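Asker: So that you have it, the file is work-v9.csv, and it contains CSV, C-alpha atoms (C1' of nucleotides):
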chain,number,residue,atom,x,y,z
S,1,MET,CA,-56.9,-29.1,27.5
S,2,ARG,CA,-56.4,-25.4,27.3
S,3,LYS,CA,-57.4,-23.7,24.0
S,4,VAL,CA,-54.5,-21.7,22.6
S,5,THR,CA,-55.4,-18.9,20.3
S,6,ALA,CA,-52.2,-17.9,18.7
S,7,THR,CA,-52.2,-14.4,17.1
S,8,PRO,CA,-50.6,-14.8,13.7
S,9,ALA,CA,-47.4,-12.8,13.5
S,10,LEU,CA,-47.3,-9.6,11.5
S,11,ASN,CA,-43.9,-8.1,11.3
S,12,LEU,CA,-44.1,-4.7,9.7
S,13,ARG,CA,-40.6,-5.0,8.3
S,14,SER,CA,-41.5,-7.9,6.1
S,15,PHE,CA,-45.0,-6.9,5.3
S,16,LEU,CA,-45.2,-6.3,1.5
S,17,PRO,CA,-47.4,-3.2,1.5
S,18,PHE,CA,-45.2,-1.6,4.0
S,19,ARG,CA,-42.0,-2.4,2.1
S,20,LEU,CA,-43.4,-1.2,-1.1
S,21,SER,CA,-44.5,2.0,0.4
S,22,VAL,CA,-41.1,2.7,2.0
S,23,LEU,CA,-39.1,1.8,-1.1
S,24,SER,CA,-41.3,3.8,-3.3
S,25,ASN,CA,-41.0,6.8,-1.1
S,26,ALA,CA,-37.3,6.5,-0.9
S,27,VAL,CA,-37.0,6.4,-4.6
S,28,SER,CA,-39.5,9.1,-5.2
S,29,ARG,CA,-37.9,11.4,-2.8
S,30,ARG,CA,-34.6,11.2,-4.6
S,31,ILE,CA,-36.1,12.1,-8.0
S,32,ALA,CA,-38.6,14.6,-6.7
S,33,ASP,CA,-35.6,16.4,-5.2
S,34,LEU,CA,-34.0,16.4,-8.6
S,35,TYR,CA,-37.0,17.8,-10.5
S,36,ASP,CA,-37.6,20.4,-7.8
S,37,ARG,CA,-34.0,21.5,-7.1
S,38,GLU,CA,-32.9,21.8,-10.7
S,39,PHE,CA,-36.1,22.8,-12.4
S,40,GLY,CA,-38.7,23.8,-9.8
S,41,LEU,CA,-41.1,21.1,-10.9
S,42,THR,CA,-43.3,18.8,-8.9
S,43,ILE,CA,-43.5,15.2,-9.6
S,44,TRP,CA,-46.9,15.7,-11.1
S,45,GLN,CA,-45.8,18.5,-13.3
S,46,TRP,CA,-43.0,16.3,-14.5
S,47,ARG,CA,-45.4,13.5,-15.3
S,48,VAL,CA,-47.6,15.8,-17.2
S,49,MET,CA,-44.6,17.0,-19.2
S,50,ALA,CA,-43.5,13.5,-19.9
S,51,VAL,CA,-46.8,12.4,-21.4
S,52,SER,CA,-47.2,15.6,-23.2
S,53,ALA,CA,-43.8,15.1,-24.8
S,54,ASP,CA,-44.8,11.6,-25.8
S,55,SER,CA,-48.2,12.5,-27.1
S,56,PRO,CA,-48.6,16.1,-28.2
S,57,GLY,CA,-52.2,17.3,-28.2
S,58,ILE,CA,-53.2,14.9,-25.4
S,59,SER,CA,-56.1,16.0,-23.1
S,60,ALA,CA,-56.0,16.4,-19.4
S,61,THR,CA,-58.3,13.4,-18.9
S,62,GLU,CA,-56.1,11.2,-21.0
S,63,ILE,CA,-53.1,12.4,-19.0
S,64,GLY,CA,-54.9,11.4,-15.8
S,65,GLN,CA,-55.4,7.9,-17.2
S,66,ARG,CA,-51.9,7.4,-18.3
S,67,THR,CA,-50.3,8.8,-15.1
S,68,GLN,CA,-52.8,7.5,-12.5
S,69,MET,CA,-53.4,11.1,-11.4
S,70,ASP,CA,-56.8,12.3,-10.6
S,71,LYS,CA,-58.3,15.1,-12.7
S,72,VAL,CA,-57.8,17.7,-10.0
S,73,ALA,CA,-54.1,16.9,-9.7
S,74,VAL,CA,-53.8,17.1,-13.5
S,75,SER,CA,-55.6,20.4,-13.6
S,76,ARG,CA,-53.3,21.9,-11.0
S,77,ALA,CA,-50.2,20.6,-12.6
S,78,VAL,CA,-51.3,21.9,-15.9
S,79,ALA,CA,-52.1,25.3,-14.4
S,80,GLY,CA,-48.6,25.5,-12.9
S,81,LEU,CA,-47.0,24.6,-16.2
S,82,LEU,CA,-49.1,27.1,-18.2
S,83,GLU,CA,-48.3,29.7,-15.7
S,84,ARG,CA,-44.6,29.2,-16.5
S,85,SER,CA,-45.3,28.8,-20.2
S,86,LEU,CA,-43.8,25.4,-20.3
S,87,LEU,CA,-47.1,24.0,-21.7
S,88,GLU,CA,-49.5,25.4,-24.3
S,89,ARG,CA,-53.2,24.7,-24.6
S,90,LYS,CA,-55.6,24.9,-27.5
S,91,ALA,CA,-59.3,24.1,-27.4
S,92,SER,CA,-60.3,21.1,-29.5
S,93,THR,CA,-62.2,22.0,-32.5
S,94,GLN,CA,-64.3,18.8,-32.3
S,95,ASP,CA,-65.1,19.1,-28.6
S,96,GLY,CA,-65.2,22.4,-27.0
S,97,ARG,CA,-64.7,20.9,-23.5
S,98,ARG,CA,-61.4,19.3,-24.3
S,99,ALA,CA,-58.2,21.2,-24.2
S,100,LEU,CA,-55.3,19.9,-26.2
S,101,LEU,CA,-51.9,20.2,-24.5
S,102,PHE,CA,-48.5,20.6,-26.0
S,103,LEU,CA,-45.1,21.3,-24.6
S,104,SER,CA,-43.9,24.8,-25.5
S,105,PRO,CA,-40.4,25.2,-26.9
S,106,ALA,CA,-39.3,26.2,-23.4
S,107,GLY,CA,-41.1,23.2,-22.0
S,108,ARG,CA,-39.4,20.9,-24.5
S,109,GLU,CA,-36.1,22.3,-23.6
S,110,ILE,CA,-36.5,21.6,-19.9
S,111,TYR,CA,-38.0,18.2,-20.8
S,112,GLU,CA,-34.9,17.3,-22.8
S,113,ALA,CA,-32.7,18.5,-20.0
S,114,ILE,CA,-34.5,16.3,-17.5
S,115,VAL,CA,-34.7,13.1,-19.4
S,116,PRO,CA,-31.0,12.2,-19.2
S,117,LEU,CA,-30.9,13.0,-15.5
S,118,ALA,CA,-34.0,11.0,-14.8
S,119,LEU,CA,-32.7,8.0,-16.8
S,120,ALA,CA,-29.4,8.3,-15.0
S,121,GLU,CA,-31.1,8.2,-11.7
S,122,GLU,CA,-33.0,5.1,-12.7
S,123,ALA,CA,-29.8,3.6,-14.1
S,124,ARG,CA,-28.1,4.2,-10.8
S,125,LEU,CA,-30.8,2.2,-9.1
S,126,LEU,CA,-30.9,-0.6,-11.6
S,127,ASP,CA,-27.1,-0.8,-11.5
S,128,VAL,CA,-27.4,-3.0,-8.4
S,129,LEU,CA,-29.4,-5.5,-10.5
S,130,SER,CA,-28.3,-7.7,-13.3
S,131,THR,CA,-30.1,-7.4,-16.6
S,132,ARG,CA,-31.9,-10.6,-15.7
S,133,GLU,CA,-32.9,-9.3,-12.3
S,134,ALA,CA,-34.2,-6.1,-13.7
S,135,ALA,CA,-36.3,-8.0,-16.1
S,136,ASP,CA,-37.6,-10.3,-13.3
S,137,LEU,CA,-38.4,-7.3,-11.2
S,138,ALA,CA,-40.5,-5.7,-14.0
S,139,ARG,CA,-42.3,-9.0,-14.5
S,140,LEU,CA,-43.0,-9.5,-10.8
S,141,MET,CA,-44.2,-5.9,-10.5
S,142,GLU,CA,-46.5,-6.4,-13.5
S,143,LYS,CA,-48.1,-9.4,-11.8
S,144,LEU,CA,-48.6,-7.6,-8.6
S,145,ALA,CA,-50.0,-4.6,-10.4
S,146,HIS,CA,-52.6,-6.9,-11.9
S,147,ALA,CA,-53.4,-8.5,-8.6
S,148,ALA,CA,-53.7,-5.2,-6.8
S,149,SER,CA,-55.9,-3.6,-9.4
S,150,PRO,CA,-57.4,-6.4,-11.5
S,151,ASP,CA,-59.9,-4.3,-13.4
S,152,GLN,CA,-57.6,-1.7,-14.7
S,153,ALA,CA,-54.2,-1.6,-16.3
S,154,LEU,CA,-51.9,0.4,-14.0
S,155,TRP,CA,-49.5,1.5,-16.6
R,1,MET,CA,-23.0,16.0,-42.3
R,2,ARG,CA,-25.8,17.2,-40.0
R,3,LYS,CA,-25.4,16.7,-36.3
R,4,VAL,CA,-28.3,14.7,-35.0
R,5,THR,CA,-29.0,15.1,-31.3
R,6,ALA,CA,-31.4,12.4,-30.4
R,7,THR,CA,-33.4,12.9,-27.2
R,8,PRO,CA,-33.1,9.7,-25.3
R,9,ALA,CA,-36.5,8.1,-24.9
R,10,LEU,CA,-38.3,8.2,-21.6
R,11,ASN,CA,-41.4,6.3,-21.5
R,12,LEU,CA,-43.2,6.9,-18.2
R,13,ARG,CA,-44.9,3.5,-18.3
R,14,SER,CA,-41.6,1.7,-18.1
R,15,PHE,CA,-39.9,4.2,-15.8
R,16,LEU,CA,-39.1,2.4,-12.6
R,17,PRO,CA,-39.8,5.2,-10.1
R,18,PHE,CA,-43.2,5.8,-11.7
R,19,ARG,CA,-44.1,2.1,-11.7
R,20,LEU,CA,-43.0,1.7,-8.1
R,21,SER,CA,-45.1,4.7,-7.1
R,22,VAL,CA,-48.2,3.6,-8.9
R,23,LEU,CA,-47.9,0.0,-7.7
R,24,SER,CA,-47.3,1.1,-4.1
R,25,ASN,CA,-50.3,3.5,-4.2
R,26,ALA,CA,-52.6,0.8,-5.6
R,27,VAL,CA,-51.6,-1.6,-2.9
R,28,SER,CA,-51.7,1.0,-0.2
R,29,ARG,CA,-55.1,2.2,-1.2
R,30,ARG,CA,-56.6,-1.3,-0.8
R,31,ILE,CA,-55.2,-1.8,2.7
R,32,ALA,CA,-55.8,1.7,3.8
R,33,ASP,CA,-59.4,1.2,2.9
R,34,LEU,CA,-59.5,-1.9,5.0
R,35,TYR,CA,-58.1,-0.2,8.1
R,36,ASP,CA,-60.3,2.8,7.7
R,37,ARG,CA,-63.5,1.2,6.8
R,38,GLU,CA,-63.4,-1.5,9.4
R,39,PHE,CA,-61.6,0.2,12.2
R,40,GLY,CA,-61.4,3.9,11.5
R,41,LEU,CA,-57.6,3.9,11.5
R,42,THR,CA,-55.2,5.6,9.3
R,43,ILE,CA,-52.2,3.8,7.8
R,44,TRP,CA,-50.0,5.7,10.2
R,45,GLN,CA,-52.1,4.7,13.2
R,46,TRP,CA,-51.9,1.1,12.0
R,47,ARG,CA,-48.2,1.2,11.7
R,48,VAL,CA,-47.8,2.6,15.2
R,49,MET,CA,-50.1,-0.1,16.6
R,50,ALA,CA,-48.1,-2.8,14.7
R,51,VAL,CA,-44.8,-1.8,16.2
R,52,SER,CA,-46.3,-1.2,19.6
R,53,ALA,CA,-47.7,-4.7,19.6
R,54,ASP,CA,-44.4,-6.0,18.6
R,55,SER,CA,-42.3,-4.0,21.1
R,56,PRO,CA,-44.4,-2.9,24.1
R,57,GLY,CA,-42.9,0.1,25.8
R,58,ILE,CA,-41.3,1.5,22.6
R,59,SER,CA,-40.9,5.3,22.3
R,60,ALA,CA,-42.2,7.6,19.7
R,61,THR,CA,-38.7,8.2,18.3
R,62,GLU,CA,-38.1,4.5,17.9
R,63,ILE,CA,-41.4,4.1,16.2
R,64,GLY,CA,-40.4,6.7,13.7
R,65,GLN,CA,-37.2,4.8,13.0
R,66,ARG,CA,-38.9,1.5,12.5
R,67,THR,CA,-41.7,2.8,10.4
R,68,GLN,CA,-40.0,5.5,8.4
R,69,MET,CA,-42.5,8.1,9.7
R,70,ASP,CA,-41.3,11.4,10.8
R,71,LYS,CA,-41.7,12.4,14.4
R,72,VAL,CA,-44.6,14.8,13.7
R,73,ALA,CA,-46.5,12.0,12.0
R,74,VAL,CA,-45.8,9.6,14.8
R,75,SER,CA,-46.9,12.2,17.3
R,76,ARG,CA,-50.2,12.8,15.5
R,77,ALA,CA,-50.9,9.1,15.1
R,78,VAL,CA,-50.1,8.5,18.8
R,79,ALA,CA,-52.4,11.4,19.8
R,80,GLY,CA,-55.2,9.9,17.8
R,81,LEU,CA,-54.8,6.4,19.3
R,82,LEU,CA,-54.5,7.8,22.9
R,83,GLU,CA,-57.7,9.8,22.2
R,84,ARG,CA,-59.5,6.5,21.4
R,85,SER,CA,-57.7,4.7,24.2
R,86,LEU,CA,-56.2,2.2,21.9
R,87,LEU,CA,-52.8,3.1,23.2
R,88,GLU,CA,-51.4,3.9,26.7
R,89,ARG,CA,-48.5,6.0,27.6
R,90,LYS,CA,-46.2,6.2,30.6
R,91,ALA,CA,-43.2,8.4,31.2
R,92,SER,CA,-39.9,6.6,31.3
R,93,THR,CA,-38.4,6.6,34.7
R,94,GLN,CA,-34.9,6.8,33.3
R,95,ASP,CA,-35.5,9.6,30.8
R,96,GLY,CA,-38.3,12.1,31.5
R,97,ARG,CA,-38.5,13.1,27.9
R,98,ARG,CA,-39.3,9.7,26.6
R,99,ALA,CA,-42.8,8.3,26.7
R,100,LEU,CA,-43.3,4.6,26.7
R,101,LEU,CA,-46.1,3.3,24.6
R,102,PHE,CA,-48.2,0.2,25.0
R,103,LEU,CA,-51.3,-1.1,23.3
R,104,SER,CA,-54.3,-1.0,25.6
R,105,PRO,CA,-56.5,-4.1,25.9
R,106,ALA,CA,-58.9,-2.4,23.5
R,107,GLY,CA,-56.0,-1.6,21.2
R,108,ARG,CA,-54.7,-5.2,21.3
R,109,GLU,CA,-58.2,-6.5,20.5
R,110,ILE,CA,-58.4,-4.3,17.4
R,111,TYR,CA,-54.8,-5.2,16.5
R,112,GLU,CA,-55.6,-8.9,16.7
R,113,ALA,CA,-58.6,-8.4,14.6
R,114,ILE,CA,-56.7,-6.6,11.9
R,115,VAL,CA,-53.7,-8.8,11.7
R,116,PRO,CA,-55.4,-11.7,9.9
R,117,LEU,CA,-57.2,-9.3,7.5
R,118,ALA,CA,-53.9,-7.6,6.7
R,119,LEU,CA,-52.1,-10.9,6.2
R,120,ALA,CA,-55.0,-12.1,4.0
R,121,GLU,CA,-54.7,-9.0,1.8
R,122,GLU,CA,-51.0,-9.6,1.5
R,123,ALA,CA,-51.5,-13.2,0.7
R,124,ARG,CA,-54.0,-12.3,-2.0
R,125,LEU,CA,-51.3,-10.3,-3.7
R,126,LEU,CA,-48.6,-12.8,-3.2
R,127,ASP,CA,-50.9,-15.5,-4.5
R,128,VAL,CA,-50.0,-14.5,-8.1
R,129,LEU,CA,-46.4,-15.3,-7.4
R,130,SER,CA,-44.7,-18.6,-6.7
R,131,THR,CA,-42.8,-19.1,-3.5
R,132,ARG,CA,-39.7,-18.6,-5.5
R,133,GLU,CA,-40.9,-15.4,-7.2
R,134,ALA,CA,-42.0,-14.0,-3.8
R,135,ALA,CA,-38.5,-14.6,-2.4
R,136,ASP,CA,-36.9,-13.1,-5.5
R,137,LEU,CA,-39.1,-10.0,-5.2
R,138,ALA,CA,-38.1,-9.6,-1.6
R,139,ARG,CA,-34.4,-9.9,-2.5
R,140,LEU,CA,-34.7,-7.5,-5.4
R,141,MET,CA,-36.5,-4.9,-3.3
R,142,GLU,CA,-33.9,-5.3,-0.7
R,143,LYS,CA,-31.2,-4.4,-3.2
R,144,LEU,CA,-33.1,-1.5,-4.5
R,145,ALA,CA,-33.7,-0.2,-1.0
R,146,HIS,CA,-30.0,-0.2,-0.4
R,147,ALA,CA,-29.3,1.6,-3.7
R,148,ALA,CA,-32.0,4.2,-3.1
R,149,SER,CA,-30.9,4.9,0.5
R,150,PRO,CA,-27.4,3.6,1.0
R,151,ASP,CA,-26.7,5.2,4.3
R,152,GLN,CA,-29.7,3.9,6.2
R,153,ALA,CA,-31.5,0.6,6.4
R,154,LEU,CA,-35.0,1.1,5.1
R,155,TRP,CA,-36.6,-1.7,7.1
X,1,DC,C1',-85.4,19.6,-31.0
X,2,DA,C1',-85.9,20.1,-26.0
X,3,DA,C1',-85.0,18.1,-21.5
X,4,DA,C1',-82.2,15.0,-19.2
X,5,DT,C1',-77.8,13.0,-18.7
X,6,DA,C1',-72.9,12.7,-19.2
X,7,DT,C1',-68.2,14.5,-19.7
X,8,DA,C1',-64.1,17.9,-19.4
X,9,DG,C1',-62.1,20.7,-16.6
X,10,DT,C1',-61.9,24.3,-12.6
X,11,DT,C1',-62.8,26.1,-8.1
X,12,DG,C1',-63.7,26.2,-3.0
X,13,DC,C1',-63.3,24.2,1.2
X,14,DA,C1',-61.9,20.8,4.6
X,15,DA,C1',-58.5,17.6,6.0
X,16,DA,C1',-53.8,15.9,5.8
X,17,DT,C1',-49.0,16.8,5.7
X,18,DG,C1',-44.4,19.0,6.1
X,19,DT,C1',-41.4,22.5,8.1
X,20,DA,C1',-39.9,25.2,11.7
X,21,DA,C1',-40.2,26.9,16.1
X,22,DC,C1',-41.0,25.7,20.6
X,23,DT,C1',-41.0,23.3,25.6
X,24,DA,C1',-39.0,20.3,28.6
X,25,DA,C1',-35.7,17.0,30.0
X,26,DT,C1',-30.9,15.3,29.4
X,27,DT,C1',-26.1,15.1,28.2
X,28,DT,C1',-21.7,17.2,27.3
X,29,DG,C1',-17.7,19.9,28.1
X,30,DC,C1',-15.2,22.9,30.6
Q,1,DG,C1',-21.6,21.8,38.7
Q,2,DC,C1',-23.2,24.9,35.4
Q,3,DA,C1',-23.7,26.8,30.7
Q,4,DA,C1',-24.1,25.1,26.1
Q,5,DA,C1',-25.6,21.8,23.2
Q,6,DT,C1',-28.6,17.7,22.2
Q,7,DT,C1',-32.7,15.0,22.2
Q,8,DA,C1',-38.0,13.8,22.8
Q,9,DG,C1',-42.0,15.2,21.7
Q,10,DT,C1',-45.7,18.9,20.6
Q,11,DT,C1',-47.6,22.9,18.6
Q,12,DA,C1',-48.3,26.5,15.0
Q,13,DC,C1',-48.4,27.8,10.4
Q,14,DA,C1',-48.1,27.2,5.5
Q,15,DT,C1',-48.6,24.1,1.7
Q,16,DT,C1',-50.6,20.2,-0.4
Q,17,DT,C1',-54.1,17.1,-1.3
Q,18,DG,C1',-58.8,15.1,-1.9
Q,19,DC,C1',-63.6,15.6,-2.4
Q,20,DA,C1',-67.7,17.8,-3.8
Q,21,DA,C1',-69.8,21.3,-6.1
Q,22,DC,C1',-69.7,24.0,-10.0
Q,23,DT,C1',-69.5,25.8,-15.2
Q,24,DA,C1',-69.5,24.8,-19.8
Q,25,DT,C1',-70.0,21.8,-23.6
Q,26,DA,C1',-71.6,17.5,-25.7
Q,27,DT,C1',-74.5,13.5,-26.1
Q,28,DT,C1',-78.6,10.9,-25.5
Q,29,DT,C1',-83.5,10.1,-25.4
Q,30,DG,C1',-88.2,10.5,-26.0
Now that the file is in, can you turn its structure into structure tokens?
Answerer:
Amino acid sequence: MRKVTATPALNLRSFLPFRLSVLSNAVSRRIADLYDREFGLTIWQWRVMAVSADSPGISATEIGQRTQMDKVAVSRAVAGLLERSLLERKASTQDGRRALLFLSPAGREIYEAIVPLALAEEARLLDVLSTREAADLARLMEKLAHAASPDQALW
Amino acid sequence: MRKVTATPALNLRSFLPFRLSVLSNAVSRRIADLYDREFGLTIWQWRVMAVSADSPGISATEIGQRTQMDKVAVSRAVAGLLERSLLERKASTQDGRRALLFLSPAGREIYEAIVPLALAEEARLLDVLSTREAADLARLMEKLAHAASPDQALW
DNA sequence: CAAATATAGTTGCAAATGTAACTAATTTGC
DNA sequence: GCAAATTAGTTACATTTGCAACTATATTTG
């Protein structure tokens, strides 16, 4: 009797990591275009602005934790925003290493202009799902996030 | 009566494009580590190998279409694989511009070693979902893919 | 309280990536 | 059947990214 060693099939098109990557890139590209075209911002600058708006006085390290950016990426995004005076920085009085970050008035203005556009873009995507489906998706992604990175909360 | 202009809330943590990006990165990182650590392959080299295994004699352009890689990325991944003799290339007799790509025996050997590991990694993720949930996820991602990129099939 | 260790953030350098220009082969349209 | 336009794939250059080393401040420990 001949031994048959079947190679298990791997079809890229149905391989979850591949699909996730392609979908995420397609979605990101659309909104990155939006931020860049309209406001000259990178995705990372936008993320920094978003958490700074949410938590004025946040530090770069905390931004990194919340946004899953590494500290170099945060540092560079912050530098770009300071350069354009969209962000303001004060040294912490308790800890001279930390810098507290705040949106400047100009930064807040841009932030408030972007928010509705970003939400509209998200809504455009979610429009193809029912309320129930959108909730399911969030729940399933939550589970996957936990499986992919058990030790740390991803968001 | 004072006019109140409420800024709509945007919480990064619940913003779909952000979540997708973070989840996709977490998943990709795990499997990229696998390909790299064990076999010295990049994700793009792995993708090229996967479609070459599936469709021997495929061209670089077709690989790009199937994997959503741009042609420069394909060209570089192919160059790296040729360099290591994991891939073989013949000119097409019908069209002198096209190059037909095949896994070499060594390439096939590596491919067959990776497949079970990649599938195991995928299974490890999908383990946290029921069969039903996994099917739902695939369906929801399909819908989003269509919404994100209406003109072209993403996979 | 001084030395060692840890943390916040930046900088420099190498590798990866994207864009545009290019070569070579093919197809189109007159 | 030949000039113009198109397509496959590579190369060159600029930009982005990731990692390690660095500076400066804070904390720990003996």
Asker: Which value, in Å to one decimal, gives the distance between CA of Ser55 (chain R) and CA of Phe15 (chain S)?
Answerer: 16.3 Å
Asker: Could you work out which residues of chain S fall inside 7 Å of chain R? Count all atoms listed in the file, and format the result as a VMD selection string.
Answerer: chain S and resid 7 to 8 10 12 to 13 16 to 17 20 to 21 23 to 24 26 to 28 50 112 115 to 116 122 125 128 137 140 143 to 145 147 to 149 155
Asker: For those residues, write C-alpha atoms to a file as a PDB file, keeping the file's coordinate frame.
Answerer:
ATOM      1  CA  THR S   7     -52.200 -14.400  17.100  1.00  0.00           C
ATOM      2  CA  PRO S   8     -50.600 -14.800  13.700  1.00  0.00           C
ATOM      3  CA  LEU S  10     -47.300  -9.600  11.500  1.00  0.00           C
ATOM      4  CA  LEU S  12     -44.100  -4.700   9.700  1.00  0.00           C
ATOM      5  CA  ARG S  13     -40.600  -5.000   8.300  1.00  0.00           C
ATOM      6  CA  LEU S  16     -45.200  -6.300   1.500  1.00  0.00           C
ATOM      7  CA  PRO S  17     -47.400  -3.200   1.500  1.00  0.00           C
ATOM      8  CA  LEU S  20     -43.400  -1.200  -1.100  1.00  0.00           C
ATOM      9  CA  SER S  21     -44.500   2.000   0.400  1.00  0.00           C
ATOM     10  CA  LEU S  23     -39.100   1.800  -1.100  1.00  0.00           C
ATOM     11  CA  SER S  24     -41.300   3.800  -3.300  1.00  0.00           C
ATOM     12  CA  ALA S  26     -37.300   6.500  -0.900  1.00  0.00           C
ATOM     13  CA  VAL S  27     -37.000   6.400  -4.600  1.00  0.00           C
ATOM     14  CA  SER S  28     -39.500   9.100  -5.200  1.00  0.00           C
ATOM     15  CA  ALA S  50     -43.500  13.500 -19.900  1.00  0.00           C
ATOM     16  CA  GLU S 112     -34.900  17.300 -22.800  1.00  0.00           C
ATOM     17  CA  VAL S 115     -34.700  13.100 -19.400  1.00  0.00           C
ATOM     18  CA  PRO S 116     -31.000  12.200 -19.200  1.00  0.00           C
ATOM     19  CA  GLU S 122     -33.000   5.100 -12.700  1.00  0.00           C
ATOM     20  CA  LEU S 125     -30.800   2.200  -9.100  1.00  0.00           C
ATOM     21  CA  VAL S 128     -27.400  -3.000  -8.400  1.00  0.00           C
ATOM     22  CA  LEU S 137     -38.400  -7.300 -11.200  1.00  0.00           C
ATOM     23  CA  LEU S 140     -43.000  -9.500 -10.800  1.00  0.00           C
ATOM     24  CA  LYS S 143     -48.100  -9.400 -11.800  1.00  0.00           C
ATOM     25  CA  LEU S 144     -48.600  -7.600  -8.600  1.00  0.00           C
ATOM     26  CA  ALA S 145     -50.000  -4.600 -10.400  1.00  0.00           C
ATOM     27  CA  ALA S 147     -53.400  -8.500  -8.600  1.00  0.00           C
ATOM     28  CA  ALA S 148     -53.700  -5.200  -6.800  1.00  0.00           C
ATOM     29  CA  SER S 149     -55.900  -3.600  -9.400  1.00  0.00           C
ATOM     30  CA  TRP S 155     -49.500   1.500 -16.600  1.00  0.00           C
TER      31      TRP S 155
END
Asker: Quick check, in Å to one decimal: how far apart do C1' of DG18 (chain X) and CA of Val72 (chain S) lie?
Answerer: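 So the answer is 21.0 Å.
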Asker: Between C1' of DT28 (chain Q) and C1' of DT5 (chain X), what distance in Å does the model show, to one decimal?
Answerer: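 For C1' of DT28 (chain Q) relative to C1' of DT5 (chain X), the distance reads 7.2 Å.
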Asker: What are the closest atom pairs, with distances in Å to one decimal, for all residues of chain Q lying within 12 Å of chain S? Consider all atoms listed in the file, order rows by chain and residue number, and present the result as a tab-separated table.
Answerer:
residue	atom	partner	partner_atom	distance
Q:DT16	C1'	S:Ala73	CA	10.5
Q:DT17	C1'	S:Ala73	CA	8.4
Q:DG18	C1'	S:Val72	CA	8.6
Q:DC19	C1'	S:Val72	CA	9.8
Q:DA20	C1'	S:Val72	CA	11.7
Q:DT23	C1'	S:Arg97	CA	10.8
Q:DA24	C1'	S:Arg97	CA	7.2
Q:DT25	C1'	S:Arg97	CA	5.4
Q:DA26	C1'	S:Asp95	CA	7.3
Q:DT27	C1'	S:Asp95	CA	11.2
Asker: My list of candidates is X:DA24, X:DA16, X:DG9, X:DA3. Which is closest to chain R when distances are computed with all atoms listed in the file?
Answerer: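 Nearest to chain R: X:DA24.
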Asker: Pick from S:Asp36, S:Ser52, S:Thr42, S:Val74: nearest to chain X, with all atoms listed in the file counted?
Answerer: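 Using all atoms listed in the file, the shortest distance to chain X belongs to S:Val74.
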Asker: Excluding same-chain residues fewer than 6 positions from DT28 (chain X), what lies within 10 Å of it counting all atoms listed in the file, as a list in words?
Answerer: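 Using all atoms listed in the file, the neighbours found are DA4, DA5 and DT6 of chain Q.
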Asker: With all atoms listed in the file considered, list every residue of chain X at most 9 Å from chain S, as a PDB file with C-alpha atoms (C1' of nucleotides), in the frame of the given file.
Answerer:
ATOM      1  C1'  DT X   7     -68.200  14.500 -19.700  1.00  0.00           C
ATOM      2  C1'  DA X   8     -64.100  17.900 -19.400  1.00  0.00           C
ATOM      3  C1'  DG X   9     -62.100  20.700 -16.600  1.00  0.00           C
ATOM      4  C1'  DT X  10     -61.900  24.300 -12.600  1.00  0.00           C
TER       5       DT X  10
END
Asker: When you look at DT11 (chain Q) with a cut-off of 10 Å (counting all atoms listed in the file), what residues show up, excluding the ones that are within fewer than 5 positions of it in the same chain? I need them as a list in words.
Answerer: Val72 of chain R; DA21, DC22 and DT23 of chain X
Asker: Which is closer to Val78 (chain S) than all the others in S:Ser104, S:Thr93, S:Gln45, S:Thr131, using all atoms listed in the file?
Answerer: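 When distances to Val78 (chain S) are compared using all atoms listed in the file, the smallest one comes from S:Gln45.
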Asker: Which residue out of R:Leu41, R:Leu87, R:Leu34, R:Leu81 has the minimum interatomic distance to Phe102 (chain R) when all atoms listed in the file are used?
Answerer: R:Leu87
